[in-house]
Each structure stands twice: as C-alpha cells, then as structure tokens.
>>> print(open('structure.csv').read())   # CSV, C-alpha atoms
chain,number,residue,atom,x,y,z
A,1,HIS,CA,0.9,19.6,0.6
A,2,SER,CA,2.7,19.5,-2.8
A,3,ASP,CA,4.4,16.1,-2.5
A,4,PRO,CA,1.3,14.0,-3.4
A,5,ALA,CA,0.9,15.9,-6.7
A,6,ALA,CA,4.6,15.4,-7.4
A,7,PHE,CA,4.5,11.7,-6.8
A,8,LEU,CA,1.5,11.3,-9.0
A,9,ARG,CA,3.0,13.4,-11.8
A,10,PHE,CA,6.2,11.5,-11.9
A,11,ALA,CA,4.3,8.1,-11.6
A,12,GLU,CA,2.3,9.1,-14.6
A,13,GLU,CA,5.5,9.9,-16.5
A,14,VAL,CA,7.0,6.5,-15.6
A,15,ARG,CA,3.8,4.8,-16.7
A,16,SER,CA,4.0,6.6,-20.0
A,17,PHE,CA,7.5,5.2,-20.8
A,18,GLY,CA,6.9,1.6,-19.6
A,19,GLY,CA,6.2,1.3,-15.9
A,20,PRO,CA,8.4,-0.1,-13.1
A,21,VAL,CA,10.6,-2.4,-15.2
A,22,GLN,CA,11.5,0.5,-17.5
A,23,LEU,CA,12.1,2.7,-14.6
A,24,ALA,CA,14.6,0.2,-13.2
A,25,LYS,CA,16.3,0.0,-16.6
A,26,GLN,CA,16.6,3.8,-16.8
A,27,LEU,CA,18.1,3.9,-13.3
A,28,TYR,CA,20.9,1.6,-14.5
A,29,THR,CA,21.5,3.5,-17.7
A,30,GLY,CA,21.3,7.0,-16.1
A,31,GLN,CA,18.3,8.1,-18.2
A,32,TYR,CA,16.0,8.7,-15.2
A,33,PHE,CA,16.9,12.2,-13.8
A,34,GLN,CA,14.3,12.7,-11.0
A,35,ALA,CA,16.3,13.3,-7.8
A,36,ASN,CA,13.8,14.8,-5.4
A,37,GLN,CA,11.2,12.1,-4.9
A,38,HIS,CA,12.9,8.7,-4.7
A,39,PRO,CA,11.8,5.9,-7.1
A,40,LEU,CA,10.2,3.2,-4.8
A,41,LEU,CA,6.8,4.8,-4.4
A,42,ILE,CA,6.9,6.3,-7.9
A,43,GLY,CA,7.5,2.8,-9.4
A,44,ILE,CA,4.6,1.3,-7.4
A,45,LEU,CA,2.2,4.2,-8.3
A,46,SER,CA,3.1,3.9,-12.0
A,47,LEU,CA,0.9,0.8,-12.0
A,48,ASN,CA,-2.1,3.0,-11.3
A,49,PRO,CA,-1.2,6.7,-10.9
A,50,THR,CA,-4.4,7.9,-9.1
A,51,LEU,CA,-4.9,9.7,-5.8
A,52,THR,CA,-7.1,6.9,-4.5
A,53,PHE,CA,-4.5,4.2,-5.2
A,54,ALA,CA,-1.7,6.4,-3.7
A,55,LYS,CA,-3.8,6.9,-0.5
A,56,SER,CA,-4.6,3.2,-0.4
A,57,ILE,CA,-0.9,2.3,-0.4
A,58,SER,CA,-0.3,4.7,2.6
A,59,LEU,CA,-3.4,3.3,4.4
A,60,PHE,CA,-2.2,-0.3,3.8
A,61,ALA,CA,1.3,0.6,5.1
A,62,GLY,CA,-0.3,2.2,8.2
A,63,PHE,CA,-2.4,-0.9,9.0
A,64,ALA,CA,0.6,-3.2,8.4
A,65,THR,CA,2.7,-1.1,10.8
A,66,LEU,CA,0.0,-1.4,13.5
A,67,LEU,CA,-0.2,-5.1,13.0
A,68,LEU,CA,3.6,-5.5,13.1
A,69,VAL,CA,3.8,-3.5,16.3
A,70,LEU,CA,1.0,-5.5,17.9
A,71,LEU,CA,2.5,-8.9,17.0
A,72,HIS,CA,6.0,-7.9,18.1
A,73,ILE,CA,5.2,-6.3,21.4
A,74,THR,CA,2.7,-9.0,22.3
A,75,LYS,CA,5.4,-11.7,21.7
A,76,LYS,CA,8.0,-9.8,23.7
A,77,HIS,CA,6.0,-8.1,26.5
A,78,GLY,CA,2.5,-9.5,26.4
A,79,VAL,CA,-0.9,-8.4,25.0
A,80,TRP,CA,-1.5,-5.6,27.5
A,81,PRO,CA,1.6,-3.6,26.9
A,82,ALA,CA,1.0,-4.1,23.2
A,83,THR,CA,-2.6,-2.8,23.6
A,84,LEU,CA,-1.3,0.3,25.3
A,85,GLY,CA,1.3,1.0,22.6
A,86,LEU,CA,-1.2,0.3,19.8
A,87,THR,CA,-3.7,2.7,21.3
A,88,LEU,CA,-1.1,5.5,21.4
A,89,LEU,CA,0.1,4.8,17.9
A,90,SER,CA,-3.3,4.5,16.3
A,91,THR,CA,-4.4,7.8,17.7
A,92,ASN,CA,-1.1,9.6,17.1
A,93,SER,CA,-1.5,12.8,15.0
A,94,THR,CA,1.5,12.4,12.8
A,95,PHE,CA,1.0,8.6,12.2
A,96,VAL,CA,-2.7,9.1,11.3
A,97,TYR,CA,-1.8,12.0,9.0
A,98,PHE,CA,0.8,10.2,7.0
A,99,ALA,CA,-1.3,7.0,6.8
A,100,SER,CA,-3.9,9.0,4.8
A,101,LEU,CA,-1.5,11.0,2.7
A,102,ALA,CA,-0.3,10.1,-0.8
A,103,THR,CA,3.4,10.3,0.0
A,104,CYS,CA,6.3,7.9,0.8
A,105,GLU,CA,6.2,8.5,4.6
A,106,SER,CA,3.8,5.8,5.6
A,107,LEU,CA,5.7,3.3,3.5
A,108,LEU,CA,9.0,4.4,5.1
A,109,ILE,CA,7.5,4.1,8.5
A,110,LEU,CA,6.5,0.5,7.8
A,111,ILE,CA,10.0,-0.3,6.5
A,112,MET,CA,11.8,1.2,9.5
A,113,THR,CA,9.4,-0.6,11.9
A,114,SER,CA,10.5,-3.8,10.2
A,115,VAL,CA,14.1,-2.8,10.8
A,116,TRP,CA,13.4,-2.2,14.4
A,117,VAL,CA,11.6,-5.6,14.8
A,118,LEU,CA,14.5,-7.5,13.2
A,119,LEU,CA,17.0,-5.7,15.4
A,120,ASP,CA,14.9,-6.5,18.5
A,121,TRP,CA,14.0,-10.1,17.5
A,122,ARG,CA,14.7,-12.6,20.3
A,123,SER,CA,16.0,-15.4,18.0
A,124,SER,CA,18.1,-18.4,19.0
A,125,ASN,CA,21.0,-16.9,17.1
A,126,PRO,CA,20.9,-13.2,17.8
A,127,LEU,CA,24.2,-12.5,16.1
A,128,SER,CA,23.2,-14.1,12.8
A,129,MET,CA,24.8,-12.6,9.8
A,130,ARG,CA,21.7,-13.4,7.8
A,131,ARG,CA,19.7,-11.2,10.1
A,132,TRP,CA,22.2,-8.3,9.6
A,133,PHE,CA,22.0,-8.8,5.8
A,134,PHE,CA,18.2,-8.6,5.8
A,135,ILE,CA,18.3,-5.5,8.0
A,136,GLY,CA,20.7,-3.9,5.5
A,137,ALA,CA,18.4,-4.9,2.6
A,138,LEU,CA,15.5,-3.2,4.4
A,139,LEU,CA,17.6,-0.1,4.9
A,140,GLY,CA,18.4,-0.2,1.1
A,141,LEU,CA,14.6,-0.3,0.5
A,142,ALA,CA,14.2,2.7,2.8
A,143,TYR,CA,16.8,4.6,0.7
A,144,LEU,CA,14.8,3.8,-2.5
A,145,ALA,CA,11.8,5.3,-0.6
A,146,LYS,CA,13.3,8.5,0.7
A,147,GLY,CA,16.7,10.4,0.5
A,148,THR,CA,17.0,10.8,4.3
A,149,ALA,CA,17.3,7.0,4.9
A,150,PRO,CA,21.2,7.0,5.2
A,151,ILE,CA,20.7,8.5,8.6
A,152,PHE,CA,19.0,5.2,9.6
A,153,LEU,CA,21.8,3.2,8.0
A,154,ALA,CA,24.3,5.1,10.2
A,155,GLY,CA,22.4,4.3,13.3
A,156,VAL,CA,22.1,0.6,12.6
A,157,VAL,CA,25.8,0.3,11.7
A,158,ALA,CA,26.6,1.9,15.1
A,159,GLY,CA,24.2,-0.4,16.9
A,160,CYS,CA,25.6,-3.4,15.1
A,161,PHE,CA,29.2,-2.6,15.8
A,162,THR,CA,28.5,-1.9,19.5
A,163,THR,CA,26.5,-5.1,19.8
A,164,ARG,CA,29.2,-7.3,18.2
A,165,TRP,CA,32.0,-5.6,20.2
A,166,THR,CA,30.3,-6.2,23.6
A,167,THR,CA,29.0,-9.7,22.9
A,168,VAL,CA,31.7,-11.5,21.0
A,169,LYS,CA,33.5,-13.8,23.5
A,170,SER,CA,37.1,-13.2,22.9
A,171,ASP,CA,40.0,-11.6,24.8
A,172,SER,CA,41.6,-10.4,21.6
A,173,HIS,CA,40.6,-6.8,20.7
A,174,LYS,CA,41.7,-7.6,17.1
A,175,GLN,CA,39.3,-10.6,16.9
A,176,ARG,CA,36.4,-8.5,18.3
A,177,LEU,CA,37.2,-5.7,15.9
A,178,ILE,CA,37.2,-8.1,12.9
A,179,SER,CA,34.0,-9.7,14.0
A,180,SER,CA,32.3,-6.3,14.5
A,181,LEU,CA,33.5,-5.0,11.1
A,182,MET,CA,32.4,-8.2,9.4
A,183,ALA,CA,28.8,-7.7,10.6
A,184,VAL,CA,28.9,-4.0,9.5
A,185,LEU,CA,30.1,-5.1,6.1
A,186,VAL,CA,27.2,-7.6,5.9
A,187,ILE,CA,24.7,-4.8,6.6
A,188,CYS,CA,26.3,-2.6,4.0
A,189,ALA,CA,26.3,-5.4,1.5
A,190,GLY,CA,22.5,-5.9,2.0
A,191,TRP,CA,22.0,-2.2,1.6
A,192,VAL,CA,24.0,-2.0,-1.6
A,193,VAL,CA,22.3,-5.1,-3.1
A,194,VAL,CA,18.9,-3.4,-2.8
A,195,ALA,CA,19.8,0.3,-3.3
A,196,HIS,CA,22.4,-0.1,-6.1
A,197,PRO,CA,20.1,0.9,-9.0
A,198,LEU,CA,19.7,4.4,-7.5
A,199,LEU,CA,23.3,4.5,-6.4
A,200,ILE,CA,24.4,3.7,-10.0
A,201,ARG,CA,22.1,6.4,-11.4
A,202,ASN,CA,23.4,9.0,-8.9
A,203,ILE,CA,27.0,8.3,-9.8
A,204,LYS,CA,26.4,8.3,-13.6
A,205,VAL,CA,24.3,11.4,-13.6
A,206,TYR,CA,25.3,13.5,-10.6
A,207,GLY,CA,28.7,12.1,-9.7
A,208,GLU,CA,27.7,11.3,-6.1
A,209,PRO,CA,26.2,8.0,-4.8
A,210,LEU,CA,24.0,9.7,-2.3
A,211,TYR,CA,23.0,12.7,-4.4
A,212,SER,CA,19.7,14.5,-3.6
A,213,ALA,CA,18.1,17.5,-5.3
A,214,ASN,CA,17.6,19.0,-1.8
A,215,GLN,CA,21.2,18.8,-0.6
A,216,THR,CA,22.1,22.3,-2.0
A,217,PHE,CA,19.4,23.8,0.3
A,218,PHE,CA,21.6,23.0,3.3
A,219,TYR,CA,23.7,26.0,2.2
A,220,MET,CA,20.9,28.5,1.9
A,221,ASP,CA,19.2,30.7,4.4
A,222,SER,CA,15.6,30.2,3.1
A,223,PHE,CA,13.7,28.2,0.6
A,224,PRO,CA,13.4,30.1,-2.7
A,225,SER,CA,10.0,31.6,-3.5
A,226,GLY,CA,8.4,31.1,-6.9
A,227,ALA,CA,7.1,28.4,-9.2
A,228,ASP,CA,10.5,26.8,-9.8
A,229,PRO,CA,12.7,26.8,-6.7
A,230,PHE,CA,15.0,24.1,-8.1
A,231,GLY,CA,15.6,26.2,-11.2
A,232,GLN,CA,16.4,29.2,-9.1
A,233,VAL,CA,18.9,27.2,-7.2
A,234,ALA,CA,20.5,25.9,-10.3
A,235,ALA,CA,20.9,29.5,-11.6
A,236,LEU,CA,23.0,30.3,-8.6
A,237,GLY,CA,25.7,27.9,-9.7
A,238,THR,CA,26.9,24.4,-9.0
A,239,PRO,CA,26.4,22.8,-5.5
A,240,GLU,CA,30.1,23.3,-4.9
A,241,GLU,CA,29.9,27.0,-5.7
A,242,ILE,CA,26.8,27.5,-3.6
A,243,ARG,CA,28.5,25.8,-0.6
A,244,ALA,CA,31.6,27.8,-1.1
A,245,ASP,CA,29.6,31.0,-1.2
A,246,TYR,CA,27.7,30.1,1.9
A,247,LEU,CA,30.9,29.3,3.9
A,248,ALA,CA,32.5,32.6,2.7
A,249,THR,CA,29.5,34.8,3.7
A,250,HIS,CA,28.7,33.2,7.1
A,251,SER,CA,30.8,33.2,10.2
A,252,LEU,CA,31.3,30.3,12.6
A,253,ALA,CA,29.0,32.2,15.0
A,254,ASP,CA,26.3,32.4,12.3
A,255,MET,CA,26.4,28.7,11.6
A,256,THR,CA,26.6,27.8,15.3
A,257,ASN,CA,23.5,29.9,16.0
A,258,ARG,CA,21.6,28.3,13.1
A,259,GLY,CA,22.5,24.8,14.3
A,260,ALA,CA,21.6,25.5,18.0
A,261,THR,CA,18.4,27.3,17.2
A,262,GLY,CA,17.4,24.6,14.7
A,263,MET,CA,18.0,21.8,17.1
A,264,GLY,CA,15.8,23.5,19.6
A,265,TRP,CA,13.0,23.8,17.2
A,266,GLN,CA,13.5,20.3,15.8
A,267,SER,CA,13.4,18.9,19.3
A,268,PHE,CA,10.1,20.7,19.9
A,269,ILE,CA,8.7,19.3,16.6
A,270,PHE,CA,9.9,15.8,17.4
A,271,ILE,CA,8.4,15.7,20.9
A,272,ARG,CA,5.2,17.3,19.7
A,273,SER,CA,4.9,14.6,17.1
A,274,LEU,CA,4.5,12.0,19.8
A,275,GLY,CA,1.2,13.5,20.9
A,276,PRO,CA,-2.4,12.5,19.9
A,277,THR,CA,-4.7,14.0,17.3
A,278,PRO,CA,-6.6,16.4,17.1
A,279,LEU,CA,-4.5,18.6,19.4
A,280,ASP,CA,-2.1,21.1,18.0
A,281,ASP,CA,1.0,22.5,19.8
A,282,SER,CA,-0.3,21.2,23.1
A,283,ARG,CA,0.5,17.7,21.9
A,284,VAL,CA,4.0,18.5,23.2
A,285,LEU,CA,2.7,18.1,26.8
A,286,PHE,CA,1.7,14.5,26.0
A,287,GLY,CA,5.0,14.1,24.0
A,288,ILE,CA,7.1,14.9,27.1
A,289,ILE,CA,5.3,12.4,29.2
A,290,PHE,CA,5.5,9.7,26.5
A,291,LEU,CA,9.2,10.4,25.9
A,292,LEU,CA,9.9,9.9,29.6
A,293,LEU,CA,8.0,6.6,29.7
A,294,ALA,CA,9.8,5.4,26.5
A,295,SER,CA,13.1,6.3,28.1
A,296,LEU,CA,12.1,4.2,31.2
A,297,SER,CA,11.5,1.2,28.9
A,298,LEU,CA,14.7,1.9,26.9
A,299,LEU,CA,16.7,1.1,30.0
A,300,HIS,CA,15.6,-2.5,29.7
A,301,GLU,CA,16.3,-2.8,26.0
A,302,SER,CA,19.3,-4.4,24.2
A,303,THR,CA,22.5,-2.5,23.4
A,304,ALA,CA,21.6,-2.6,19.7
A,305,ILE,CA,18.3,-0.8,20.3
A,306,LYS,CA,19.8,1.7,22.7
A,307,THR,CA,22.7,2.6,20.4
A,308,THR,CA,20.7,2.6,17.2
A,309,LEU,CA,17.9,4.8,18.6
A,310,ALA,CA,20.4,7.2,20.2
A,311,ILE,CA,22.2,7.7,16.8
A,312,TRP,CA,18.9,8.1,14.9
A,313,ILE,CA,17.7,10.8,17.3
A,314,ALA,CA,21.0,12.6,17.5
A,315,LEU,CA,21.7,12.7,13.8
A,316,SER,CA,18.1,13.7,13.0
A,317,LEU,CA,18.1,16.6,15.5
A,318,LEU,CA,21.4,17.8,14.1
A,319,LEU,CA,20.7,17.5,10.4
A,320,PHE,CA,17.0,18.4,10.3
A,321,GLY,CA,17.6,21.2,12.9
A,322,TRP,CA,20.1,22.8,10.5
A,323,TYR,CA,17.5,22.3,7.7
A,324,ILE,CA,14.7,24.2,9.7
A,325,PRO,CA,15.1,27.5,7.7
A,326,ILE,CA,14.3,25.5,4.5
A,327,ALA,CA,11.6,23.0,5.7
A,328,ALA,CA,10.2,21.9,9.0
A,329,GLY,CA,7.7,19.3,9.9
A,330,PRO,CA,7.2,15.9,11.7
A,331,ARG,CA,7.9,13.9,8.5
A,332,PHE,CA,11.6,13.7,9.0
A,333,MET,CA,11.5,11.8,12.3
A,334,ALA,CA,8.1,10.1,11.8
A,335,PRO,CA,9.8,6.6,11.2
A,336,LEU,CA,10.7,6.6,14.9
A,337,LEU,CA,7.1,6.9,16.1
A,338,PRO,CA,6.2,3.2,16.2
A,339,LEU,CA,9.3,2.3,18.2
A,340,LEU,CA,9.0,5.1,20.7
A,341,LEU,CA,5.2,4.8,21.2
A,342,ALA,CA,5.5,1.0,21.6
A,343,LEU,CA,8.2,1.7,24.3
A,344,THR,CA,5.8,4.2,25.8
A,345,GLY,CA,3.1,1.5,26.1
A,346,VAL,CA,5.6,-0.8,27.8
A,347,GLY,CA,6.7,2.0,30.1
A,348,MET,CA,3.1,2.7,31.1
A,349,TRP,CA,2.6,-1.0,31.8
A,350,ARG,CA,5.6,-1.0,34.1
A,351,VAL,CA,4.4,2.2,35.9
A,352,MET,CA,1.0,0.6,36.4
A,353,SER,CA,2.5,-2.1,38.5
A,354,TYR,CA,2.4,0.5,41.3
A,355,ALA,CA,-1.3,1.3,40.7
A,356,GLN,CA,-2.5,-1.0,43.5
A,357,PRO,CA,-5.0,-2.1,44.7
A,358,TRP,CA,-6.3,-2.3,41.1
A,359,PRO,CA,-5.0,-5.0,38.8
A,360,ARG,CA,-3.0,-3.7,35.8
A,361,THR,CA,-5.4,-5.3,33.3
A,362,THR,CA,-8.2,-3.3,34.8
A,363,VAL,CA,-6.2,-0.1,34.5
A,364,VAL,CA,-5.3,-0.8,30.9
A,365,LEU,CA,-9.0,-1.5,30.0
A,366,VAL,CA,-10.2,1.7,31.7
A,367,PHE,CA,-7.4,3.7,30.1
A,368,GLY,CA,-8.0,2.3,26.6
A,369,VAL,CA,-11.8,2.8,26.7
A,370,THR,CA,-11.4,6.4,28.2
A,371,TRP,CA,-8.6,7.4,25.8
A,372,ASN,CA,-10.4,6.2,22.7
A,373,ALA,CA,-13.8,7.6,23.7
A,374,VAL,CA,-12.3,11.1,24.4
A,375,TRP,CA,-10.2,10.8,21.2
A,376,LEU,CA,-13.2,9.8,19.1
A,377,ALA,CA,-15.4,12.6,20.5
A,378,TRP,CA,-12.8,15.3,20.2
A,379,SER,CA,-11.8,14.3,16.7
A,380,THR,CA,-15.5,14.2,15.6
A,381,ILE,CA,-16.0,17.7,17.0
A,382,ALA,CA,-12.7,19.0,15.4
A,383,ILE,CA,-13.7,17.8,11.8
A,384,TRP,CA,-17.5,18.6,12.1
A,385,PRO,CA,-18.5,21.1,9.4
>>> encode(input="structure.csv", output="structure tokens")
Amino acid sequence: HSDPAAFLRFAEEVRSFGGPVQLAKQLYTGQYFQANQHPLLIGILSLNPTLTFAKSISLFAGFATLLLVLLHITKKHGVWPATLGLTLLSTNSTFVYFASLATCESLLILIMTSVWVLLDWRSSNPLSMRRWFFIGALLGLAYLAKGTAPIFLAGVVAGCFTTRWTTVKSDSHKQRLISSLMAVLVICAGWVVVAHPLLIRNIKVYGEPLYSANQTFFYMDSFPSGADPFGQVAALGTPEEIRADYLATHSLADMTNRGATGMGWQSFIFIRSLGPTPLDDSRVLFGIIFLLLASLSLLHESTAIKTTLAIWIALSLLLFGWYIPIAAGPRFMAPLLPLLLALTGVGMWRVMSYAQPWPRTTVVLVFGVTWNAVWLAWSTIAIWP
C-alpha cells in the first residue's frame, strides 16, 4: 500500500518547514501544493512523522469509533443490540484493516460515525440549527481528511432538506421551503468554516474549490504505469483538454457500459466489505445477509437517516463505480461500515425476538461467544507462519 509512505513523506516535509501552524498559513497563501493526500492527517503526523505514530492514530480512531457506536446504540436500542453491532464491527475485515493502516481512512470513519450519531441523536430539540452547524463542521473536517468527503456533504444536505420539509408545521409551501433551505445553509456554513483553508488554497492555486489531483483520472481508461503517474497525466495536457479528448473518443454506449459495469463491481466490493476477516471474496455471502438485516432496521429509522444513507450509497456506487478502471477497493465506502453494521446488529436483535423458546439475551451471548471464538481461531490460523 503506497498511501502510508506518501502521508509520512509529506508529513516530514511539513515538519521541516514549521509543522501544522505553518501548514495552515501556507494553505491560506497558496504556497502548499499537495493536492492528492489532504492536509488533516498530514498536519497531525507532522508532529511525529513515524510509522508507529501514524498507526497509533488509526488505532485510536478505530477504538474511538467502537466506543461511539457502543454508547449510541446502547442509549437508543439497549446494550444487547449494541453488543451485536459491536461484535460485527470489531471483527469486520475492512474496519480492522484500516484501523491498523497509516492512512486517513480510520480517521475519516470516526468523523463520519460522529456525523451519523449527531444526525440520529434523540435530543429535545431535534431540529436545532446548532446541531446542523456542528454536523456541517464535522463534514468540513472530513473534507480536510479526504477528497471524497463532498459526497457525504451532499447526502446530509438531502437528508436535512427532507427532514425539515416533512416536519416543519406549516401549511405554506414557501415557509417550509425557506425553513428547509435555512437549515441547509447552516450546514454549508459549518462546512465552510472548517474546510475554508483548503478551499482557499484550491481556488488560489488550481482555480477550483474542490480540486483534487485525482479528478483527471475520471477521464482515463486506466491508471498510468510508471514511477510518476501524475507527471504522465500532466504531460497529456490540462484537465479540460483531457476531459475533452475523452468525450471526443468515447461514445455514449462506451460510457454507459463503463458506468454500468463499474457500478456492478462497486456493489460487489461494497457488500463484500461488510463481511468478517479473515475471509476473502466469500465475505460477500455474509455481506448480503448483513445488508438485509440493516435494511430491516432502516425501516424504523428517521427520515434524515434514510435519505442521507440512500444518497451516500447511490452517489458512492455511481462515482466509484465509474472510477473502477483507475482504482478499486473498500476504502471509498468504508465510512458507512459503522452505521450499517450497527443497524445489522439491531436487525439481528429484532429477528431474534422470534427465536422462542430461548430468551434473546441467551441467543446474543451464545452468538457472541461462538462468533468471536471462531473468528479468533480462524484469524490465528490465517496469520500463523
């Protein structure tokens, strides 16, 4: 995996010119040019750019995510559904992998889990503008962590608008529209407040607020081979020229086929990512069952959660499916794992209500002990030299 080396290299560079504070200054002035790895993890790593520290950050974020899921599901559904969800998440192949990898994914998973908890929080004032602002701020932090985060902003904006539209008590469509748009503007304000250093740098240096070094690859048929892929892409022309050339040399049928095939593969990768370690492709069998259980739980969730999750999944399958010829992997949709596996645990708890004559608590205990024993034995055999 090349990303850990890149993060550490850029963190060492940031440390050499002054650390996180200087990094922030260079974002404002447009002197910081790195547009592949985003600056949040680089800034943190610049305090101590070592592999051990980088892995420690990911491990801490992983444990914090588990704790957050445990507390939230326990408060909302009880300790037994929370135990089921935590068991599935803590033995999930993708989650465990990124919790031990020196990249931004584990940090992004923690941030997006926090977004989900705030969206789902049963407060006395569920339509609080303060809550929407904090959600926007967290999404801004997610954008500082990874360039794919605007997808999550789009989902939350859709969920927010739908929630406000359906819950505001007014017979006036105009009043409901104004109320819904106000909440959306509050989210966007929170997002801009946190993400604005990177937005300013992108506009000053690249002329686009959401610029990413990877965006040109959307208009290529394969990832360039060689030591300097970004240099090879730059030699082909400007992003506009590369896009124009792609559209001129590919028919609508070509692009439709790429999109449809990619969405199929991305769906497989996504469902497989829900399964436990140390299985490989057979994880998809567990993933199908878990997705069905999560869907059962989703029927009982709020409009905000339903709409937001639907947009997150739809946009992810569409965009990352198109990106399959360039790069494929579970990392793109990994931030959805805590939410989906927590819902799976709740779904299992509901299904267990039919497991008479045994009490559900007994079933949970037997399942938990058996699952973890099999997982521990199988994982030990898989890694044994």
>>> closest_residue(input="structure.csv", among="A:Ala234, A:Ala227, A:Ala334, A:Leu27", to="A:Arg201", atoms="all atoms listed in the file")
A:Leu27
>>> residues_around(input="structure.csv", residues="A:Ile135", least_positions_apart="4", cutoff="12 Å", atoms="all atoms listed in the file", output="PyMOL selection string")
chain A and resi 111-121+128-131+139-142+152-153+155-157+159-160+183-194
>>> atom_distance(input="structure.csv", atom1="atom CA of A:Thr238", atom2="atom CA of A:Leu252")
22.8 Å
>>> atom_distance(input="structure.csv", atom1="atom CA of A:Thr50", atom2="atom CA of A:Ala195")
26.0 Å
>>> residues_around(input="structure.csv", residues="A:Val284", least_positions_apart="6", cutoff="9 Å", atoms="only C-alpha atoms", output="PyMOL selection string")
chain A and resi 268-275
>>> residues_around(input="structure.csv", residues="A:Leu210", least_positions_apart="2", cutoff="10 Å", atoms="all atoms listed in the file", output="PyMOL selection string")
chain A and resi 143+147-148+150+198-203+206-208+212+215
>>> closest_residue(input="structure.csv", among="A:Val69, A:Phe230, A:Ser225, A:Phe60", to="A:Gln34", atoms="only C-alpha atoms")
A:Phe230
>>> atom_distance(input="structure.csv", atom1="atom CA of A:Ser297", atom2="atom CA of A:Ile311")
17.4 Å
>>> residues_around(input="structure.csv", residues="A:Leu309", least_positions_apart="3", cutoff="9 Å", atoms="all atoms listed in the file", output="list in words")
Gly155, Val156, Gly159, Ala304, Ile305, Lys306, Trp312, Ile313, Ala314, Leu336 and Leu339 of chain A
>>> closest_residue(input="structure.csv", among="A:Tyr219, A:Tyr32, A:Trp265, A:Trp349", to="A:Asp245", atoms="all atoms listed in the file")
A:Tyr219
>>> closest_residue(input="structure.csv", among="A:Ile151, A:Leu236, A:Asp228, A:Asn257", to="A:Leu317", atoms="all atoms listed in the file")
A:Ile151
>>> closest_residue(input="structure.csv", among="A:Ala149, A:Ile326, A:Ile73, A:Met255", to="A:Phe218", atoms="all atoms listed in the file")
A:Ile326
>>> closest_residue(input="structure.csv", among="A:Gly237, A:Pro330, A:Gly345, A:Gly231", to="A:Phe95", atoms="all atoms listed in the file")
A:Pro330
>>> residues_around(input="structure.csv", residues="A:Phe63", least_positions_apart="6", cutoff="10 Å", atoms="only C-alpha atoms", output="PyMOL selection string")
chain A and resi 69+90+99+106+110
